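Here the structure is laid out as structure tokens; the discussion comes afterwards.
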Amino acid sequence: MKEYSLTNLQELEAEAIHIIREVAAEFENPVMLYSIGKDSSVMVRLAEKAFYPGKVPFPLMHIDSKWKFREMIEFRDSYAREKGWDLIVHYNKQGYESGIGPFTHGSKVHTDVMKTQALLEGLSKYKFDAAFGGARRDEEKSRAKERIFSFRDRFHQWDPKNQRPELWNIYNARVHKGESIRVFPLSNWTELDIWQYIRLENIPIVPLYYACERPVVDMDGNLIMVDDKRMPKELATKAEMRRVRFRTLGCYPLTGAVESEADTIEKIVEEMMTVTKSERTTRVIDFDQDASMEQKKREGYF
Amino acid sequence: MTTYTHTDIRAFLDQDQKKDLLRLLTAGSVDDGKSTLIGRLMFDSKMLYEDQLAALERDSKRVGHAGEDIDYALLLDGLKAEREQGITIDVAYRYFSTAKRKFIIADTPGHEQYTRNMITGGSTANLAIILIDATRGVITQTRRHTFLVSLLGIKHVVLAVNKMDLVDFQQQVFDEICTDYKNFVTQLDIPDVEFIPLSALKGDNVVEVSSRMPWYHGKSMLEFLETVHINSDRNYDDFRFPVQYVLRPNQGFRGFAGRIASGIIKPGDPVLALPSGKTSKVKSIPTYDGNLTKAFPPQSVTLVLEDEIDISRGEMLVKPDNQPRTDRHFEAMLVWMDENPLDFSNQFFIKQTTNTTRARIDMIRHKIDVNTLEKSEVQSLGLNEIGRVVLTTAKPIFFDPYKKNKNTGSFVLIHPVSNNTVAVGMILDKLESKNLPSRITNNDKKKIREGKSLISLENRQKKLNQKGVTIWFTGLHGSGKNELAFSLEKELFDQGATAVLLDGSSIRTGLNRELDYTPADRAENLRRVAHIASILNDQGIITICSFISRNNHLREQLAEIIGKERFHLFYMKTTLDYCRKNKPELYEKADRGEVVYVPGVDLEFEEPPRPQLVFDPLENEMNITRILEYLEKNNIFPLT
């Protein structure tokens, strides 16, 4: 029966496409959260495949914290234009106008106001009843326990003790007004699966993932890139050019680079197989406390 | 860790890309060392990063339960509260891969109150590892886990006899446990059972075959997982394609998107659409990556047909010579997943494949004790209880027995108010619907009654000069339907017809006096009335019924009991204000909350979409004339 078997990636692809179509069929107003990262790029490709030859029947939304790498924004805008996506960009106007940022307010306040609050604001503003996220269960312990269709109450909160049973590939999409479902079509993908898929499908990704000479400052062991003039002068002057790449993308002051020579996907995978730090540790925000991600997720963060 | 060179990595990626995927479930009690086994599989297959290891060592000293050793279990217990309690409480998914295969582990807890989690974790599994503590042998939980595994239709089971180090790696202990287990497992339907003695803590027979158990000649756990053959477990025979989404990007393209539940399909193959029965042929299977020459489970594809036939979500494409069962009536094993026990008066939503409709549980045949497998009669099912039930759905569904086809034989029940998934079910093999007990009758019962009587319906009708039909008035409290009904009764009497009138007060003071006004009791009240009407109609008598009968679902059931051709629905259409003027006391009480369940106030009243006649209460005289004309025109009374 070899000719009737799927490889692991084909099976994951089939599962994700089924999930994406199910959302389009059952919800009135879904949205796909687009973070510009590699996982988002894979998720969007899966959505394109799900509705081929038609267009993706829901919008994408990027929550802009206003502190993303400039290259991310350039990539987002040119890729969205080229593909003709219906792209919503939302940011927390109040937070932006009162000058919230990681350098002045710290990572906790910045993340809360410009990411979590901005996300909740965006979801409420457009009354989305389902939101796709690119999170994977292998990334982090509390995610490993989350359903693919993950229920959120009217306050966008997740209750890990009270999740709906989820069996086979039957997903319960019923919600009352104001409640919503976060949907994770990449739940069962691993980091290697993502890279493998990007490689096989030739999916464009932000160049920051590839090694290049970049100006970085060593902040307590995290290599932070000088991406614009908002980095305080006393820090920016310490910058030196190093050959680095980013394993995850987010707000530039909160995302550490790693020194690397990997400038192709093969080299990235090679590095991944030998590197000894798990993916999320290059994100500064995770250092707060044990079980911190669970706390954020309960509050509505993706 | 191994270092790869650049050319290695291409080879590695090419090979990695070809691996298949094994989904497995692990089940065991809290102290069987399940988490340790999984942690060890991940550790020894080198899927842990250095920072995770550092954190693990740190945590082991702080909160671990393994003394000075590394506590692998800490890797798996994700959530804060659980870590404090020292137990895993929900399903957690783990990922690792070896040179041969990728693995997804659904890690589920073993204690009693969490059957629901094991069922959740196991529903997609190809294989189950059941852990046994060698010092304790086969215990109640082992039996429970095995029963649940067989219920879920998991075809491969590995009995992992753990903690062999604590019994000095003795063969005798292992053999006794295996014999015990075999005696039990033969009662269940699991085709492939494997036994492996191991020590998760010390690593014996986990990845490498251990030298400390030379009497064991089988594979290590990992070797077994890498080589067990699972592809033939899928159903490639019966083509079932539940339509999930209809793609119509432009006038020229109509594609039916969905996931192949079972069977194989190729361009040119004939297909039949359910429920319409329309047939066509597959024209093409277009994808983003080009057209496919064949498609099979579990692919998500889009089918384009030769002919323009109208098919929507929830319908199913099959092959004309191989069709599933189509029925509203079936039996299933049901696992109750909700804190609140099963309440028969609830109508649930059933979701089966891509189809959602209403469903009711007619009866529980028996409950199965998951520990002893004993059957018992029960009135309800509570959290984590499993029973064999009879269900009726509002629309027919298309299904196969779960044993033959997991994708078309499984369903979930969703509570209509809370929206929670309250139960999950596995459909059992075919039983003719007429053999199933039911709270509604079907036409078969009518035949039995007729068969017993020596007077034919035709003779009765000739003698009475009328057809036995039911005239059913629906409308709000105070709409004037009773007035019209009684006027009609009088008029029919005067003209020589034989009619019986049933209304709320006559029925509720006697026959149905124990019934309340809750929606469930209202439904039961009407059900009984419908049966009386049906019996009277069988005798050729015209039955006039005057009941609020507030929604279409109820009215459809009435029509079904009485017989659609005999059921004539007349609607007294009024405003709520008009009714309030006629029955001020009742409505005022309802407004104050002193009485509840009053249609129009705190219960919805649905207008019938297609009543045979609609009346205005202010035109009583003319209404009677219209009814008499209707009866004559439809050859009900007088007969022509």
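Residue numbering restarts at 1 in every chain; chains get A, B, ... in the order shown in the structure tokens, and ligands count up from 1 in that same order.
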
- Query: Near region 230-245 of chain A, within 9 Å and counting only C-alpha atoms, which residues show up once chain neighbours fewer than 4 positions away are dropped, as a list in words?
  - Reply: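 Near region 230-245 of chain A, the qualifying residues are Phe103, Pro207, Leu208, Tyr209, Tyr210, Ala211, Cys212, Glu213, Arg214, Pro215, Val216, Val217, Asp218, Met219, Leu223, Ile224, Met225, Val226, Pro253, Ala257, Val258, Glu259, Ser260, Glu261, Ala262 and Asp263 of chain A.
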
- Non-local contacts of Ala50 (chain A) (7 Å; only C-alpha atoms; under 4 positions in same chain excluded) as a VMD selection string: chain A and resid 17 21 46

- Message: Please list as a PyMOL selection string every residue within 7 Å of region 147-159 of chain B, counting only C-alpha atoms and excluding residues in the same chain fewer than 6 positions away.
- Response: chain B and resi 123+125-131+188-196+370+403

- Quick one: of B:Phe349, B:Ala99, B:Ser220, B:Asp321, who's nearest to chain A, counting only C-alpha atoms?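 Counting only C-alpha atoms, the residue closest to chain A is B:Phe349.
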
- Message: My list of candidates is B:Gln612, B:Thr36, B:Asn419, B:Ser276. Which is closest to chain A when distances are computed with only C-alpha atoms?
- Response: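 Among the listed residues, the smallest separation from chain A belongs to B:Asn419.
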
- Message: Please list as a PyMOL selection string every residue within 8 Å of region 23-33 of chain A, counting only C-alpha atoms and excluding residues in the same chain fewer than 4 positions away.
- Response: (chain A and resi 19+40+57-63+127-134+173) or (chain B and resi 244-245)

Residue subset to file, keeping N, CA and C atoms, as an mmCIF file, in the first residue's frame:
```cif
data_model
loop_
_atom_site.group_PDB
_atom_site.id
_atom_site.type_symbol
_atom_site.label_atom_id
_atom_site.label_comp_id
_atom_site.auth_asym_id
_atom_site.auth_seq_id
_atom_site.Cartn_x
_atom_site.Cartn_y
_atom_site.Cartn_z
ATOM 1 N N ILE A 19 -8.520 21.622 8.958
ATOM 2 C CA ILE A 19 -8.849 22.539 10.064
ATOM 3 C C ILE A 19 -9.210 23.925 9.521
ATOM 4 N N SER A 40 3.833 31.620 10.618
ATOM 5 C CA SER A 40 2.743 32.321 9.946
ATOM 6 C C SER A 40 2.824 32.135 8.445
ATOM 7 N N PRO A 57 -10.849 33.015 1.963
ATOM 8 C CA PRO A 57 -12.091 33.752 2.199
ATOM 9 C C PRO A 57 -12.138 34.540 3.512
ATOM 10 N N PHE A 58 -11.000 34.769 4.128
ATOM 11 C CA PHE A 58 -11.001 35.589 5.353
ATOM 12 C C PHE A 58 -9.767 36.489 5.332
ATOM 13 N N PRO A 59 -9.798 37.574 6.122
ATOM 14 C CA PRO A 59 -8.644 38.473 6.119
ATOM 15 C C PRO A 59 -7.497 37.948 6.984
ATOM 16 N N LEU A 60 -6.318 38.517 6.764
ATOM 17 C CA LEU A 60 -5.197 38.299 7.674
ATOM 18 C C LEU A 60 -5.109 39.545 8.555
ATOM 19 N N MET A 61 -4.652 39.369 9.771
ATOM 20 C CA MET A 61 -4.466 40.550 10.623
ATOM 21 C C MET A 61 -3.090 40.493 11.265
ATOM 22 N N HIS A 62 -2.365 41.591 11.124
ATOM 23 C CA HIS A 62 -1.082 41.694 11.820
ATOM 24 C C HIS A 62 -1.232 42.666 12.976
ATOM 25 N N ILE A 63 -0.848 42.196 14.170
ATOM 26 C CA ILE A 63 -0.848 43.077 15.337
ATOM 27 C C ILE A 63 0.532 43.717 15.392
ATOM 28 N N LYS A 127 -14.953 42.198 15.641
ATOM 29 C CA LYS A 127 -15.891 41.156 16.076
ATOM 30 C C LYS A 127 -15.572 39.792 15.457
ATOM 31 N N PHE A 128 -14.305 39.429 15.447
ATOM 32 C CA PHE A 128 -13.933 38.124 14.908
ATOM 33 C C PHE A 128 -14.395 37.026 15.863
ATOM 34 N N ASP A 129 -14.993 35.984 15.316
ATOM 35 C CA ASP A 129 -15.420 34.888 16.192
ATOM 36 C C ASP A 129 -14.448 33.709 16.149
ATOM 37 N N ALA A 130 -13.463 33.781 15.275
ATOM 38 C CA ALA A 130 -12.410 32.758 15.268
ATOM 39 C C ALA A 130 -11.122 33.414 14.803
ATOM 40 N N ALA A 131 -10.033 33.042 15.427
ATOM 41 C CA ALA A 131 -8.737 33.605 15.036
ATOM 42 C C ALA A 131 -7.714 32.489 14.950
ATOM 43 N N PHE A 132 -7.113 32.356 13.762
ATOM 44 C CA PHE A 132 -6.064 31.359 13.585
ATOM 45 C C PHE A 132 -4.757 31.876 14.166
ATOM 46 N N GLY A 133 -4.033 31.002 14.835
ATOM 47 C CA GLY A 133 -2.689 31.342 15.280
ATOM 48 C C GLY A 133 -1.743 30.244 14.834
ATOM 49 N N GLY A 134 -0.473 30.614 14.680
ATOM 50 C CA GLY A 134 0.503 29.652 14.165
ATOM 51 C C GLY A 134 1.233 28.878 15.245
ATOM 52 N N ALA A 173 -17.336 24.027 17.012
ATOM 53 C CA ALA A 173 -17.149 25.431 16.657
ATOM 54 C C ALA A 173 -18.260 26.322 17.213
ATOM 55 N N GLN B 244 -17.074 19.317 2.831
ATOM 56 C CA GLN B 244 -16.759 20.220 3.931
ATOM 57 C C GLN B 244 -17.011 21.674 3.541
ATOM 58 N N TYR B 245 -16.727 21.986 2.289
ATOM 59 C CA TYR B 245 -16.760 23.384 1.861
ATOM 60 C C TYR B 245 -16.934 23.381 0.350
#
```

- Message: as a list in words, please: the residues near Ile285 (chain B) (cut-off 6 Å, only C-alpha atoms, same-chain neighbours under 4 positions excluded).
- Response: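 Near neighbours after the sequence-gap exclusion: Asn291, Leu292, Thr302 and Leu303 of chain B.
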
- Please, what distance in Å, to one decimal, runs between CA of Phe241 (chain B) and CA of Gly263 (chain B)?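 For CA of Phe241 (chain B) relative to CA of Gly263 (chain B), the distance reads 8.7 Å.
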
- Message: Let's see if you can do this: from backbone DSSP, list all helix (DSSP H, G or I) residues in region 216-281 of chain A, as a PyMOL selection string.
- Response: chain A and resi 233-236+252-254+265-274+279-281

- Mind checking DSSP for region 152-184 of chain B and telling me the strand (DSSP E or B) residues as a VMD selection string? chain B and resid 156 to 162

- Query: What does the distance between CA of Glu565 (chain B) and CA of Phe615 (chain B) come to in Å, to one decimal place?
  - Reply: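 Result for CA of Glu565 (chain B) versus CA of Phe615 (chain B): 21.0 Å, one decimal.
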
- Query: Hey, can you check how far CA of Val469 (chain B) sits from CA of Glu632 (chain B)?
  - Reply: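 Atom-to-atom, CA of Val469 (chain B) and CA of Glu632 (chain B) are spaced 12.7 Å apart.
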
- Message: Show me, as a ChimeraX atom specification, the residues that have an atom within 9 Å of Val269 (chain A) when counting only C-alpha atoms, minus same-chain residues fewer than 5 positions from it.
- Response: /A:192,195-196,262,264,274 /B:9,13

- Best match for closeness to Gly540 (chain B) among B:Arg508, B:His145, B:Lys395, B:Lys463, counting only C-alpha atoms: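 Among B:Arg508, B:His145, B:Lys395, B:Lys463, it is B:Lys463 that comes nearest to Gly540 (chain B).
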
- Identify, on the basis of only C-alpha atoms, every residue whose closest approach to region 336-348 of chain B does not exceed 9 Å; exclude the query and any residue fewer than 3 positions from it along the same chain; express the result as JSON, numbers by chain. {"A": [165], "B": [115, 116, 117, 357, 358, 359, 360, 361, 362, 363, 380, 381, 382, 383, 384, 385, 386, 387, 413, 414, 415, 416, 420, 421, 422, 423, 424, 425, 519, 520, 521, 523]}

Kindly save the residues from that selection, with N, CA and C atoms included, as a compact mmCIF listing (two decimals), in the first residue's frame.
```txt
# COMPACT_ATOMS: atom_id res chain seq x y z
N PRO A 165 -13.70 18.70 25.27
CA PRO A 165 -13.10 17.48 24.72
C PRO A 165 -13.00 17.62 23.20
N THR B 115 -11.16 9.55 32.73
CA THR B 115 -11.46 8.73 31.55
C THR B 115 -11.62 9.61 30.32
N ARG B 116 -12.26 10.74 30.53
CA ARG B 116 -12.55 11.61 29.40
C ARG B 116 -11.26 12.09 28.73
N ASN B 117 -10.22 12.28 29.50
CA ASN B 117 -8.97 12.73 28.88
C ASN B 117 -8.31 11.63 28.07
N THR B 357 -26.69 18.33 13.05
CA THR B 357 -28.15 18.38 13.13
C THR B 357 -28.53 18.18 14.60
N ARG B 358 -29.84 18.11 14.85
CA ARG B 358 -30.29 17.90 16.22
C ARG B 358 -30.36 16.41 16.52
N ALA B 359 -30.15 16.03 17.76
CA ALA B 359 -30.27 14.62 18.12
C ALA B 359 -30.87 14.49 19.51
N ARG B 360 -31.56 13.37 19.69
CA ARG B 360 -32.14 13.09 20.99
C ARG B 360 -31.72 11.68 21.39
N ILE B 361 -31.49 11.48 22.66
CA ILE B 361 -31.19 10.14 23.13
C ILE B 361 -32.50 9.51 23.58
N ASP B 362 -32.90 8.42 22.92
CA ASP B 362 -34.19 7.80 23.21
C ASP B 362 -34.12 6.92 24.45
N MET B 363 -33.04 6.15 24.56
CA MET B 363 -32.94 5.32 25.75
C MET B 363 -31.51 4.84 25.96
N SER B 380 -29.56 7.23 33.81
CA SER B 380 -28.82 8.34 33.21
C SER B 380 -27.35 7.98 33.13
N LEU B 381 -26.56 8.82 32.48
CA LEU B 381 -25.11 8.63 32.43
C LEU B 381 -24.45 9.87 33.02
N GLY B 382 -23.46 9.65 33.88
CA GLY B 382 -22.73 10.78 34.47
C GLY B 382 -21.34 10.90 33.87
N LEU B 383 -20.60 11.87 34.33
CA LEU B 383 -19.24 12.12 33.83
C LEU B 383 -18.41 10.84 33.83
N ASN B 384 -17.76 10.58 32.73
CA ASN B 384 -16.87 9.43 32.56
C ASN B 384 -17.60 8.08 32.47
N GLU B 385 -18.92 8.10 32.38
CA GLU B 385 -19.65 6.83 32.26
C GLU B 385 -19.89 6.50 30.79
N ILE B 386 -19.97 5.20 30.53
CA ILE B 386 -20.09 4.74 29.16
C ILE B 386 -21.33 3.88 29.03
N GLY B 387 -22.14 4.14 28.02
CA GLY B 387 -23.36 3.36 27.87
C GLY B 387 -23.68 3.11 26.41
N LEU B 413 -21.65 15.02 20.75
CA LEU B 413 -22.91 15.69 21.09
C LEU B 413 -22.56 17.00 21.78
N ILE B 414 -23.23 18.06 21.34
CA ILE B 414 -22.95 19.40 21.86
C ILE B 414 -24.21 19.92 22.55
N HIS B 415 -24.03 20.43 23.75
CA HIS B 415 -25.18 20.93 24.50
C HIS B 415 -25.71 22.21 23.83
N PRO B 416 -27.05 22.30 23.65
CA PRO B 416 -27.58 23.43 22.89
C PRO B 416 -27.45 24.76 23.62
N ASN B 420 -21.04 23.19 25.19
CA ASN B 420 -19.95 22.27 25.51
C ASN B 420 -20.13 20.94 24.77
N THR B 421 -19.02 20.29 24.52
CA THR B 421 -19.07 18.94 23.99
C THR B 421 -19.37 18.04 25.18
N VAL B 422 -20.59 17.51 25.25
CA VAL B 422 -20.98 16.78 26.45
C VAL B 422 -20.78 15.27 26.33
N ALA B 423 -20.73 14.78 25.11
CA ALA B 423 -20.57 13.34 24.95
C ALA B 423 -19.97 13.05 23.59
N VAL B 424 -19.35 11.88 23.50
CA VAL B 424 -18.81 11.44 22.21
C VAL B 424 -19.30 10.03 21.97
N GLY B 425 -19.48 9.69 20.70
CA GLY B 425 -20.07 8.39 20.44
C GLY B 425 -19.43 7.65 19.29
N PRO B 519 -40.49 22.59 29.06
CA PRO B 519 -40.47 22.23 27.64
C PRO B 519 -40.52 20.71 27.43
N ALA B 520 -39.81 19.96 28.29
CA ALA B 520 -39.80 18.50 28.12
C ALA B 520 -41.19 17.92 28.36
N ASP B 521 -41.86 18.39 29.43
CA ASP B 521 -43.19 17.87 29.73
C ASP B 521 -44.22 18.33 28.70
N ALA B 523 -43.57 18.68 25.63
CA ALA B 523 -43.35 17.78 24.50
C ALA B 523 -44.00 16.43 24.74
```

- Using only C-alpha atoms, pick whichever of A:Arg164, A:Lys108, A:Arg136, A:Arg81 has the shortest atom-to-atom distance to chain B.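 Nearest candidate to chain B out of A:Arg164, A:Lys108, A:Arg136, A:Arg81: A:Arg164.
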